[in-house]
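Coordinates as given in input11.txt (compact mmCIF, C-alpha atoms):
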# COMPACT_ATOMS: atom_id res chain seq x y z
CA MET A 28 110.74 130.03 0.22
CA ALA A 29 110.86 127.17 2.74
CA GLU A 30 107.60 128.36 4.31
CA GLU A 31 105.85 128.73 0.93
CA ASN A 32 102.98 126.26 0.87
CA LYS A 33 104.58 124.18 3.58
CA VAL A 34 102.16 121.63 4.96
CA SER A 35 102.64 119.42 7.99
CA LEU A 36 100.28 117.07 9.77
CA HIS A 37 100.66 116.23 13.44
CA GLY A 38 99.02 112.90 14.12
CA PHE A 39 98.88 109.53 15.76
CA PHE A 40 98.91 106.45 13.51
CA ALA A 41 95.86 104.76 15.03
CA SER A 42 93.62 107.81 15.16
CA PRO A 43 90.73 107.73 12.69
CA TYR A 44 90.49 111.51 13.01
CA VAL A 45 94.06 111.82 11.79
CA ARG A 46 93.32 109.26 9.07
CA ARG A 47 90.67 111.57 7.65
CA VAL A 48 93.14 114.38 7.13
CA ASP A 49 95.86 112.05 5.90
CA LEU A 50 93.49 110.66 3.25
CA ALA A 51 92.35 114.13 2.23
CA LEU A 52 95.92 115.33 1.66
CA LYS A 53 96.78 112.18 -0.29
CA PHE A 54 93.64 112.36 -2.44
CA LYS A 55 94.51 115.95 -3.36
CA GLY A 56 98.14 115.02 -3.98
CA ILE A 57 99.36 117.65 -1.51
CA PRO A 58 102.96 117.09 -0.37
CA TYR A 59 103.27 117.24 3.42
CA GLU A 60 105.48 116.36 6.35
CA TYR A 61 103.95 113.90 8.80
CA VAL A 62 104.84 114.27 12.48
CA GLU A 63 103.91 111.30 14.66
CA GLU A 64 103.00 112.50 18.15
CA ASP A 65 103.46 110.49 21.32
CA LEU A 66 100.16 111.25 23.01
CA LYS A 67 101.65 110.52 26.44
CA ASN A 68 104.42 112.99 25.77
CA LYS A 69 103.03 115.66 23.51
CA SER A 70 105.48 117.83 21.63
CA SER A 71 105.77 121.49 22.51
CA LEU A 72 104.82 122.22 18.90
CA LEU A 73 101.52 120.39 19.32
CA LEU A 74 100.76 122.31 22.51
CA LYS A 75 101.60 125.55 20.73
CA TYR A 76 99.43 124.75 17.71
CA ASN A 77 96.44 123.40 19.61
CA PRO A 78 96.45 125.07 23.02
CA VAL A 79 92.70 124.67 23.47
CA HIS A 80 92.40 120.89 23.01
CA LYS A 81 96.03 119.70 22.82
CA LYS A 82 94.89 116.98 20.42
CA VAL A 83 95.66 115.55 17.01
CA PRO A 84 95.15 115.99 14.11
CA VAL A 85 96.65 119.41 13.60
CA LEU A 86 97.28 120.63 10.07
CA VAL A 87 99.88 123.36 9.80
CA HIS A 88 99.87 125.35 6.57
CA ASN A 89 102.45 128.08 6.14
CA GLY A 90 102.92 128.18 9.89
CA LYS A 91 99.21 128.52 10.68
CA PRO A 92 97.47 125.68 12.53
CA ILE A 93 94.02 124.30 11.77
CA VAL A 94 92.39 121.83 14.15
CA GLU A 95 89.27 119.61 14.30
CA SER A 96 89.23 116.99 11.56
CA LEU A 97 86.01 118.11 9.83
CA VAL A 98 87.13 121.74 9.90
CA ILE A 99 90.47 120.69 8.43
CA LEU A 100 88.76 118.76 5.61
CA GLU A 101 86.75 121.83 4.61
CA TYR A 102 89.90 123.97 4.81
CA ILE A 103 91.78 121.59 2.53
CA ASP A 104 88.90 121.55 0.03
CA GLU A 105 88.69 125.37 -0.01
CA THR A 106 92.42 125.96 -0.24
CA TRP A 107 93.41 123.35 -2.83
CA LYS A 108 90.81 123.49 -5.56
CA ASN A 109 92.60 120.88 -7.69
CA GLY A 110 91.92 117.16 -7.49
CA PRO A 111 88.65 115.74 -6.19
CA ARG A 112 86.27 118.32 -4.67
CA PHE A 113 85.18 116.93 -1.33
CA LEU A 114 81.99 118.95 -1.36
CA PRO A 115 79.78 119.48 -4.42
CA GLU A 116 79.05 122.95 -5.83
CA ASP A 117 75.32 123.02 -5.15
CA PRO A 118 74.52 124.44 -1.66
CA TYR A 119 71.70 121.97 -1.03
CA LYS A 120 73.87 118.96 -1.91
CA ARG A 121 76.61 120.43 0.27
CA ALA A 122 74.14 120.65 3.15
CA GLN A 123 73.13 117.01 2.66
CA ILE A 124 76.76 115.86 2.68
CA ARG A 125 77.57 117.97 5.75
CA PHE A 126 74.53 116.59 7.55
CA TRP A 127 75.52 112.99 6.91
CA ALA A 128 79.20 113.65 7.61
CA SER A 129 78.20 115.08 10.99
CA PHE A 130 75.94 112.05 11.49
CA VAL A 131 78.77 109.58 10.85
CA HIS A 132 81.11 111.64 13.04
CA GLN A 133 78.81 112.04 16.05
CA GLN A 134 76.11 109.42 15.90
CA VAL A 135 78.05 106.51 14.44
CA PHE A 136 81.74 106.92 15.19
CA GLU A 137 81.50 108.21 18.75
CA ASN A 138 79.23 105.27 19.58
CA MET A 139 81.69 102.87 17.98
CA VAL A 140 84.34 104.24 20.34
CA LEU A 141 81.97 103.53 23.25
CA ILE A 142 81.53 99.96 22.04
CA LEU A 143 85.29 99.56 22.14
CA LYS A 144 85.50 100.96 25.65
CA THR A 145 82.65 99.00 27.28
CA ASP A 146 81.42 95.48 27.78
CA GLY A 147 78.37 93.60 29.02
CA GLU A 148 75.01 95.32 28.99
CA ALA A 149 76.38 98.79 28.32
CA GLN A 150 78.14 97.51 25.23
CA GLU A 151 75.09 95.58 24.03
CA LYS A 152 72.96 98.70 24.28
CA THR A 153 75.43 100.73 22.23
CA VAL A 154 75.79 97.99 19.61
CA LYS A 155 72.02 98.14 19.10
CA GLU A 156 72.16 101.93 18.81
CA VAL A 157 74.91 101.78 16.20
CA SER A 158 72.89 99.28 14.21
CA GLU A 159 69.95 101.70 14.21
CA LYS A 160 72.19 104.57 13.18
CA LEU A 161 73.63 102.48 10.35
CA SER A 162 70.11 101.80 9.07
CA LEU A 163 69.49 105.54 9.00
CA LEU A 164 72.82 106.10 7.27
CA GLU A 165 71.90 103.57 4.59
CA GLU A 166 68.71 105.58 3.90
CA GLY A 167 70.78 108.74 3.91
CA ILE A 168 73.17 107.40 1.31
CA LYS A 169 70.18 106.52 -0.89
CA SER A 170 68.79 110.03 -0.49
CA ILE A 171 72.08 111.64 -1.53
CA PHE A 172 72.33 109.49 -4.65
CA PRO A 173 68.74 109.04 -5.81
CA GLU A 174 69.97 108.03 -9.29
CA GLY A 175 72.28 105.40 -7.80
CA ILE A 176 75.86 105.76 -6.62
CA PRO A 177 78.44 106.63 -9.28
CA ILE A 178 81.48 104.36 -9.59
CA ILE A 179 84.18 105.56 -7.25
CA ASN A 180 87.60 106.58 -8.43
CA GLN A 181 90.35 108.83 -7.15
CA GLU A 182 88.88 111.84 -8.99
CA ASN A 183 85.45 111.78 -7.41
CA VAL A 184 85.94 110.86 -3.75
CA GLY A 185 84.01 113.12 -1.45
CA LEU A 186 83.81 114.14 2.19
CA LEU A 187 81.51 111.27 3.09
CA ASP A 188 83.85 108.77 1.42
CA ILE A 189 86.72 110.02 3.57
CA LEU A 190 84.57 109.55 6.66
CA ILE A 191 83.49 106.09 5.57
CA VAL A 192 87.07 104.91 5.07
CA SER A 193 88.35 106.44 8.30
CA THR A 194 85.44 105.06 10.34
CA PHE A 195 85.00 101.62 8.81
CA GLY A 196 88.21 101.01 6.88
CA SER A 197 89.70 98.88 9.64
CA TYR A 198 86.49 96.92 10.11
CA LYS A 199 88.30 93.56 10.10
CA ALA A 200 90.55 94.68 12.95
CA GLN A 201 87.52 96.04 14.84
CA GLU A 202 85.71 92.71 14.41
CA GLU A 203 88.72 90.76 15.59
CA VAL A 204 89.15 92.83 18.76
CA LEU A 205 85.46 93.08 19.61
CA GLY A 206 84.44 89.57 18.56
CA LEU A 207 81.41 91.01 16.82
CA LYS A 208 80.47 92.48 13.46
CA LEU A 209 79.53 96.14 13.41
CA ILE A 210 78.57 96.44 9.75
CA ASP A 211 76.07 93.96 8.38
CA PRO A 212 76.68 93.88 4.61
CA GLU A 213 73.50 91.99 3.86
CA LYS A 214 70.66 93.27 5.98
CA THR A 215 71.52 96.72 7.30
CA SER A 216 74.29 98.20 5.18
CA PRO A 217 74.56 96.82 1.64
CA LEU A 218 75.18 100.25 0.04
CA LEU A 219 77.60 101.36 2.74
CA PHE A 220 79.51 98.10 2.56
CA SER A 221 79.78 98.06 -1.22
CA ARG A 222 80.97 101.68 -1.15
CA LEU A 223 83.52 100.80 1.53
CA LYS A 224 84.84 97.83 -0.47
CA ALA A 225 85.19 100.01 -3.57
CA LEU A 226 87.05 102.64 -1.57
CA LEU A 227 89.39 100.06 -0.04
CA GLU A 228 90.47 99.12 -3.58
CA LEU A 229 91.74 102.62 -4.31
CA HIS A 230 95.50 102.99 -4.50
CA VAL A 231 95.56 105.99 -2.14
CA VAL A 232 93.50 104.18 0.48
CA LYS A 233 95.61 101.02 0.32
CA GLY A 234 98.69 103.13 0.94
CA ALA A 235 97.09 105.10 3.77
CA LEU A 236 95.64 102.44 6.05
CA PRO A 237 97.99 101.00 8.67
CA PRO A 238 98.63 97.22 8.67
CA HIS A 239 95.96 95.03 10.25
CA GLU A 240 98.12 93.81 13.14
CA LYS A 241 99.10 97.32 14.15
CA VAL A 242 95.45 98.42 14.28
CA VAL A 243 94.51 95.30 16.27
CA GLY A 244 97.27 96.10 18.74
CA ALA A 245 96.18 99.72 19.13
CA LEU A 246 92.50 98.81 19.55
CA LYS A 247 93.30 96.09 22.10
CA PHE A 248 95.39 98.56 24.07
CA MET A 249 92.64 101.21 24.08
CA ARG A 250 90.03 98.64 25.10
CA GLN A 251 92.14 97.27 27.93
CA ASN A 252 92.88 100.73 29.28
CA ALA A 253 89.24 101.73 29.22
CA LEU A 254 87.96 98.54 30.83
CA ASN A 255 90.67 98.68 33.52
CA SER A 256 89.90 102.23 34.51
CA ALA A 257 86.16 101.50 34.48
CA SER A 258 86.51 98.63 36.91
CA VAL A 259 88.54 100.55 39.49
CA MET B 18 59.26 132.02 -6.28
CA GLU B 19 61.43 131.59 -3.25
CA GLU B 20 59.79 129.97 -0.30
CA VAL B 21 61.65 129.81 2.97
CA LYS B 22 60.19 128.24 6.10
CA LEU B 23 61.88 127.85 9.46
CA LEU B 24 60.59 125.26 11.89
CA GLY B 25 61.71 126.29 15.34
CA VAL B 26 60.96 126.16 18.99
CA TRP B 27 60.79 128.96 21.52
CA PRO B 28 63.18 129.76 23.21
CA SER B 29 65.84 127.51 21.73
CA PRO B 30 69.25 129.09 21.09
CA TYR B 31 69.61 126.77 18.10
CA SER B 32 66.47 128.18 16.49
CA TYR B 33 67.53 131.74 17.27
CA ARG B 34 70.90 131.31 15.54
CA VAL B 35 69.08 130.57 12.32
CA ILE B 36 66.58 133.42 12.84
CA TRP B 37 69.46 135.85 13.32
CA ALA B 38 71.26 134.62 10.20
CA LEU B 39 68.14 134.98 8.06
CA GLU B 40 67.36 138.40 9.51
CA LEU B 41 70.93 139.67 9.06
CA LYS B 42 70.71 138.67 5.41
CA GLY B 43 67.24 140.12 4.97
CA VAL B 44 65.82 136.79 3.81
CA LYS B 45 62.03 136.60 3.94
CA TYR B 46 60.83 133.50 5.76
CA GLU B 47 57.82 132.02 7.45
CA TYR B 48 58.43 130.96 11.04
CA VAL B 49 56.61 127.79 12.09
CA LYS B 50 56.43 127.33 15.83
CA GLU B 51 56.87 123.70 16.83
CA ASP B 52 55.75 122.01 20.02
CA LEU B 53 58.27 119.29 20.80
CA ALA B 54 55.75 117.45 22.96
CA ASN B 55 53.45 117.28 19.97
CA LYS B 56 55.56 117.25 16.80
CA SER B 57 53.84 118.34 13.62
CA ASP B 58 53.61 116.11 10.55
CA LEU B 59 55.68 118.75 8.80
CA LEU B 60 58.56 118.26 11.24
CA LEU B 61 58.41 114.49 11.04
CA ARG B 62 58.42 114.70 7.25
CA TYR B 63 61.23 117.26 7.02
CA ASN B 64 63.53 115.82 9.67
CA PRO B 65 62.80 112.11 9.91
CA VAL B 66 66.31 111.30 11.11
CA HIS B 67 66.41 113.41 14.28
CA GLN B 68 62.89 114.90 14.52
CA LYS B 69 64.47 117.99 15.96
CA VAL B 70 64.43 121.70 15.30
CA PRO B 71 65.53 123.92 13.76
CA VAL B 72 64.76 122.82 10.23
CA LEU B 73 65.04 125.21 7.31
CA VAL B 74 62.85 124.43 4.32
CA HIS B 75 63.84 126.19 1.10
CA ASN B 76 61.57 125.60 -1.88
CA ASP B 77 60.33 122.47 -0.18
CA LYS B 78 63.84 121.09 0.41
CA PRO B 79 64.63 120.55 4.10
CA ILE B 80 67.95 121.20 5.82
CA ALA B 81 68.48 120.07 9.42
CA GLU B 82 71.21 120.68 12.05
CA SER B 83 71.71 124.32 12.97
CA THR B 84 75.37 124.53 11.90
CA VAL B 85 74.59 122.88 8.55
CA ILE B 86 71.71 125.36 8.11
CA LEU B 87 73.98 128.33 8.90
CA GLU B 88 76.49 127.24 6.23
CA TYR B 89 73.63 126.73 3.76
CA ILE B 90 72.27 130.21 4.42
CA GLU B 91 75.74 131.71 3.98
CA GLU B 92 76.22 129.95 0.64
CA THR B 93 72.73 130.51 -0.73
CA TRP B 94 72.50 134.21 0.19
CA PRO B 95 76.12 135.37 -0.04
CA HIS B 96 75.44 139.12 0.41
CA ASN B 97 76.31 140.51 3.83
CA PRO B 98 78.76 137.65 4.43
CA LEU B 99 78.83 136.02 7.86
CA LEU B 100 82.04 134.06 7.32
CA PRO B 101 85.47 135.53 6.51
CA THR B 102 86.82 135.04 2.98
CA ASP B 103 90.25 133.84 4.10
CA PRO B 104 90.23 130.02 4.45
CA HIS B 105 92.28 130.06 7.64
CA GLU B 106 89.97 132.54 9.31
CA ARG B 107 86.98 130.52 8.13
CA ALA B 108 88.54 127.45 9.72
CA LEU B 109 88.94 129.38 12.97
CA ALA B 110 85.30 130.48 12.90
CA ARG B 111 84.20 126.89 12.32
CA PHE B 112 86.49 125.66 15.11
CA TRP B 113 84.91 128.01 17.65
CA ILE B 114 81.40 127.15 16.48
CA LYS B 115 82.15 123.47 17.08
CA PHE B 116 83.84 124.33 20.36
CA LEU B 117 80.77 125.98 21.81
CA ASP B 118 78.46 123.21 20.70
CA ASP B 119 80.75 120.48 22.05
CA LYS B 120 80.96 122.31 25.37
CA SER B 121 77.24 122.85 25.83
CA PRO B 122 76.98 120.26 28.66
CA THR B 123 79.60 122.26 30.58
CA LEU B 124 77.75 125.50 29.85
CA LEU B 125 74.51 124.13 31.22
CA ARG B 126 75.65 122.01 34.14
CA PHE B 127 75.65 124.79 36.76
CA TYR B 128 72.00 125.42 35.93
CA LEU B 129 71.08 121.74 36.24
CA THR B 130 72.74 121.07 39.60
CA VAL B 131 72.74 122.10 43.24
CA GLY B 132 75.15 122.12 46.17
CA GLU B 133 78.66 120.81 45.71
CA GLU B 134 77.99 119.62 42.19
CA GLN B 135 76.87 123.12 41.27
CA GLU B 136 79.98 124.67 42.82
CA LYS B 137 82.19 122.42 40.74
CA ALA B 138 80.10 123.12 37.62
CA THR B 139 80.31 126.87 38.22
CA LYS B 140 84.08 126.69 38.42
CA GLU B 141 84.20 124.72 35.17
CA VAL B 142 82.01 127.13 33.22
CA ARG B 143 84.13 130.05 34.41
CA GLU B 144 87.25 128.29 33.12
CA LEU B 145 85.46 127.78 29.84
CA LEU B 146 84.54 131.46 29.60
CA LYS B 147 88.18 132.36 30.20
CA ILE B 148 89.27 130.20 27.25
CA ILE B 149 86.50 131.70 25.13
CA GLU B 150 87.54 135.24 26.03
CA GLU B 151 91.29 134.79 25.70
CA GLN B 152 91.60 132.36 22.82
CA GLY B 153 88.32 132.75 20.99
CA LEU B 154 87.63 136.44 21.14
CA GLY B 155 91.15 137.68 21.83
CA GLU B 156 91.57 141.30 20.74
CA LYS B 157 88.82 141.13 18.13
CA LYS B 158 85.62 143.13 18.30
CA TYR B 159 83.56 140.13 17.27
CA PHE B 160 84.33 136.42 17.07
CA GLY B 161 84.04 136.89 13.32
CA GLY B 162 86.51 139.81 13.23
CA ASP B 163 85.31 143.35 12.53
CA LYS B 164 81.76 142.35 11.86
CA ILE B 165 79.27 140.00 13.42
CA GLY B 166 79.49 136.51 11.93
CA LEU B 167 78.25 132.97 12.30
CA ALA B 168 80.50 132.32 15.30
CA ASP B 169 78.98 135.34 17.07
CA LEU B 170 75.48 133.98 16.43
CA VAL B 171 76.48 130.69 18.06
CA PHE B 172 78.15 132.45 21.00
CA GLY B 173 74.93 134.46 21.24
CA PHE B 174 74.02 131.92 23.87
CA ILE B 175 76.10 133.93 26.31
CA PRO B 176 74.48 137.38 26.01
CA VAL B 177 70.94 136.06 25.74
CA TRP B 178 70.66 132.91 27.80
CA LEU B 179 73.54 132.77 30.29
CA GLY B 180 72.26 135.61 32.50
CA VAL B 181 68.80 134.06 32.62
CA LEU B 182 70.23 130.68 33.59
CA GLU B 183 72.33 132.36 36.27
CA GLU B 184 69.25 134.00 37.75
CA SER B 185 67.23 130.79 37.64
CA ALA B 186 70.03 128.85 39.32
CA GLY B 187 70.82 131.56 41.86
CA VAL B 188 74.46 131.60 40.85
CA LYS B 189 76.73 134.31 39.45
CA VAL B 190 78.96 132.82 36.78
CA MET B 191 80.06 136.08 35.19
CA LYS B 192 80.89 138.61 37.88
CA PRO B 193 81.25 142.25 36.72
CA ASP B 194 85.00 142.61 36.15
CA ASP B 195 85.87 138.99 35.46
CA PHE B 196 85.67 138.91 31.69
CA PRO B 197 86.00 142.53 30.54
CA ARG B 198 86.50 141.83 26.84
CA LEU B 199 83.66 139.34 26.77
CA GLN B 200 81.45 141.94 28.47
CA VAL B 201 82.20 144.47 25.74
CA TRP B 202 81.39 141.87 23.09
CA ILE B 203 78.13 141.06 24.90
CA GLU B 204 77.11 144.71 24.76
CA ASN B 205 78.07 145.05 21.09
CA PHE B 206 76.13 141.91 20.27
CA ARG B 207 72.99 143.01 22.04
CA GLU B 208 73.18 146.49 20.49
CA ASN B 209 73.25 145.17 16.94
CA PRO B 210 69.92 146.40 15.54
CA VAL B 211 68.98 143.09 13.92
CA ILE B 212 69.78 141.10 17.05
CA LYS B 213 68.01 143.65 19.24
CA ALA B 214 64.85 143.30 17.17
CA ASN B 215 64.93 139.51 17.44
CA LEU B 216 65.39 138.61 21.08
CA PRO B 217 63.16 136.42 23.22
CA ASP B 218 61.20 138.37 25.82
CA PRO B 219 63.47 138.36 28.91
CA HIS B 220 60.63 138.00 31.43
CA GLU B 221 59.10 135.06 29.61
CA LEU B 222 62.55 133.55 29.20
CA LEU B 223 63.25 133.84 32.91
CA ALA B 224 59.91 132.35 33.91
CA HIS B 225 60.46 129.51 31.44
CA SER B 226 64.03 128.85 32.72
CA LYS B 227 62.98 128.81 36.36
CA GLN B 228 60.15 126.44 35.69
CA LYS B 229 62.29 124.13 33.57
CA ARG B 230 64.93 123.97 36.30
CA GLU B 231 62.36 122.98 38.91
CA VAL B 232 61.05 120.20 36.71
CA LEU B 233 64.55 118.91 35.87
CA LEU B 234 65.73 118.94 39.49
CA ALA B 235 62.56 117.24 40.68
CA SER B 236 62.98 114.44 38.16
CA LYS B 237 66.55 113.89 39.35
CA ILE B 238 65.51 113.48 42.99
CA ALA B 239 62.70 111.10 42.10
Is it possible to give me this structure as structure tokens?
Amino acid sequence: MAEENKVSLHGFFASPYVRRVDLALKFKGIPYEYVEEDLKNKSSLLLKYNPVHKKVPVLVHNGKPIVESLVILEYIDETWKNGPRFLPEDPYKRAQIRFWASFVHQQVFENMVLILKTDGEAQEKTVKEVSEKLSLLEEGIKSIFPEGIPIINQENVGLLDILIVSTFGSYKAQEEVLGLKLIDPEKTSPLLFSRLKALLELHVVKGALPPHEKVVGALKFMRQNALNSASV
Amino acid sequence: MEEVKLLGVWPSPYSYRVIWALELKGVKYEYVKEDLANKSDLLLRYNPVHQKVPVLVHNDKPIAESTVILEYIEETWPHNPLLPTDPHERALARFWIKFLDDKSPTLLRFYLTVGEEQEKATKEVRELLKIIEEQGLGEKKYFGGDKIGLADLVFGFIPVWLGVLEESAGVKVMKPDDFPRLQVWIENFRENPVIKANLPDPHELLAHSKQKREVLLASKIA
């Protein structure tokens, strides 16, 4: 009985990958136990559940682990059919969402991590790249919603919304630490930005994002570490 | 009327994954051979974001990214399923698909290097194969379970391309008794009648690999 539908999430508070899963569970109203991992001293449970990568997030459902944030999101959507459906029914629309989710994950987010971890010319180059990717994303969002974007509420959030919040939700903290703006709400990303603002108003999202100062602290720490090891 | 077109490039493993999925499902399609040095208007129109192949076009609607295409094929033509029905097993299949794609630099490095760098790269790819054999395949007949599935199509890189890369690079990554379970899987994969009927010509593939390696190494020295 204790194992029946038992859900736990192993994570790290500052990880956007973990944030994605956390948001997904909250949007679906799935009760779960959260286990904060110390990434410098990983629990034996984490190593048991994710022997290949030894990373967070790990979702454990009825004793079975699922890893990789995007894989977990699809698992959650397939297993709990109540609440918002993260992917639409139509296969073509699903393909469009998956394409753009993968785009945000690989082309945008991974480059944003690089921006955090570099400076000087290398950073400038990546900032330019991200700006180009954001232009493409803006076009992508238009192509997914040719009739215009529906008003967001907790019943109709989708996979892409989860990625948008987890990637850009802490944009103020990112700007503070980097001393530069990554999203341009006027020129490059008006649709993205207005979607983000609407998402940040949702009750679930407000409750899920860590406080500004904590994120600033975590980002500063990551940046320092990366720049120190680069200069050795 | 259903119209299915696949824009692909020879001999890309990414294009072949999609070919195999379509063939396994018996979907009729027109294959359009692309030349990446001279991209067609069709490709630029259907994949403006990445301008890459493969691109599947179904009733004039384009889908890009091989893994996105594979999921689309599975959902649109659900007969002869290539993903398990159980959500946890599906998640595992998707995990291993992502794993192989994320690790492709490691898979290719031994082929793109020489000397000490190549030795190190060879060691790394062997470690990768061990993880794939022990954790990915385990005791199963296929990565997908009892039957060939999407994960097998993605791991199809190993039976079809790895040996050719080894020969081009003059390096043995998979020695005969090293990965016995993986070897059995390789044979099962290659013996599947649909796969067997849709393989790149090995001689052409080898010539192509050797030539490509020469060009890549020369550009590094320059």
Report as a tab-separated table the residues of chain B within 10 Å of chain A, each with its shortest atom pair and distance in Å (one decimal), using only C-alpha atoms, ordered by chain and increasing residue number.
residue	atom	partner	partner_atom	distance
B:Pro65	CA	A:Leu163	CA	9.4
B:Val66	CA	A:Leu163	CA	6.9
B:His67	CA	A:Leu163	CA	10.0
B:His75	CA	A:Tyr119	CA	9.2
B:Lys78	CA	A:Tyr119	CA	8.0
B:Pro79	CA	A:Tyr119	CA	8.8
B:Ile80	CA	A:Ala122	CA	6.8
B:Ala81	CA	A:Phe126	CA	7.2
B:Glu82	CA	A:Phe126	CA	6.9
B:Ser83	CA	A:Phe126	CA	9.9
B:Thr84	CA	A:Phe126	CA	9.1
B:Val85	CA	A:Ala122	CA	5.9
B:Ile86	CA	A:Ala122	CA	7.3
B:Leu87	CA	A:Ala122	CA	9.6
B:Glu88	CA	A:Ala122	CA	7.6
B:Tyr89	CA	A:Pro118	CA	6.0
B:Ile90	CA	A:Pro118	CA	8.7
B:Glu91	CA	A:Pro118	CA	9.3
B:Glu92	CA	A:Pro118	CA	6.2
B:Thr93	CA	A:Pro118	CA	6.4
B:Asp103	CA	A:Thr106	CA	9.3
B:Pro104	CA	A:Tyr102	CA	6.1
B:His105	CA	A:Tyr102	CA	7.1
B:Glu106	CA	A:Ile93	CA	9.5
B:Arg107	CA	A:Tyr102	CA	7.9
B:Ala108	CA	A:Val98	CA	5.9
B:Leu109	CA	A:Ile93	CA	7.3
B:Ala110	CA	A:Val98	CA	9.4
B:Arg111	CA	A:Val98	CA	6.4
B:Phe112	CA	A:Val98	CA	6.6
B:Lys115	CA	A:Glu95	CA	8.6
B:Phe116	CA	A:Val79	CA	9.4
B:Ile148	CA	A:Val79	CA	7.5
B:Ile149	CA	A:Val79	CA	9.5
B:Gln152	CA	A:Val79	CA	7.8
B:Gly153	CA	A:Val79	CA	9.5
Expressed in Å to a single decimal, how great is the separation between CA of Lys157 in chain B and CA of Glu208 in chain B?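 Atom-to-atom, CA of Lys157 in chain B to CA of Glu208 in chain B, that is 16.7 Å.
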Using all atoms listed in the file, the shortest atom-to-atom distance to Gly173 in chain B among B:Val44, B:Val35, B:Val49, B:Leu59 belongs to B:Val35
For CA of Val70 in chain B and CA of Gly25 in chain B, determine how far apart the two atoms are, in Å to one decimal place.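 If I compute the distance from CA of Val70 in chain B to CA of Gly25 in chain B, I get 5.3 Å.
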Who sits within 10 Å of Asn215 in chain B, only C-alpha atoms, same chain under 4 positions skipped, as a VMD selection string: chain B and resid 33 36 to 37 40 207 210 to 211
So how far away is CA of Leu190 in chain A from CA of Leu99 in chain B, in Å?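 Taking CA of Leu99 in chain B and CA of Leu190 in chain A, their separation equals 27.1 Å.
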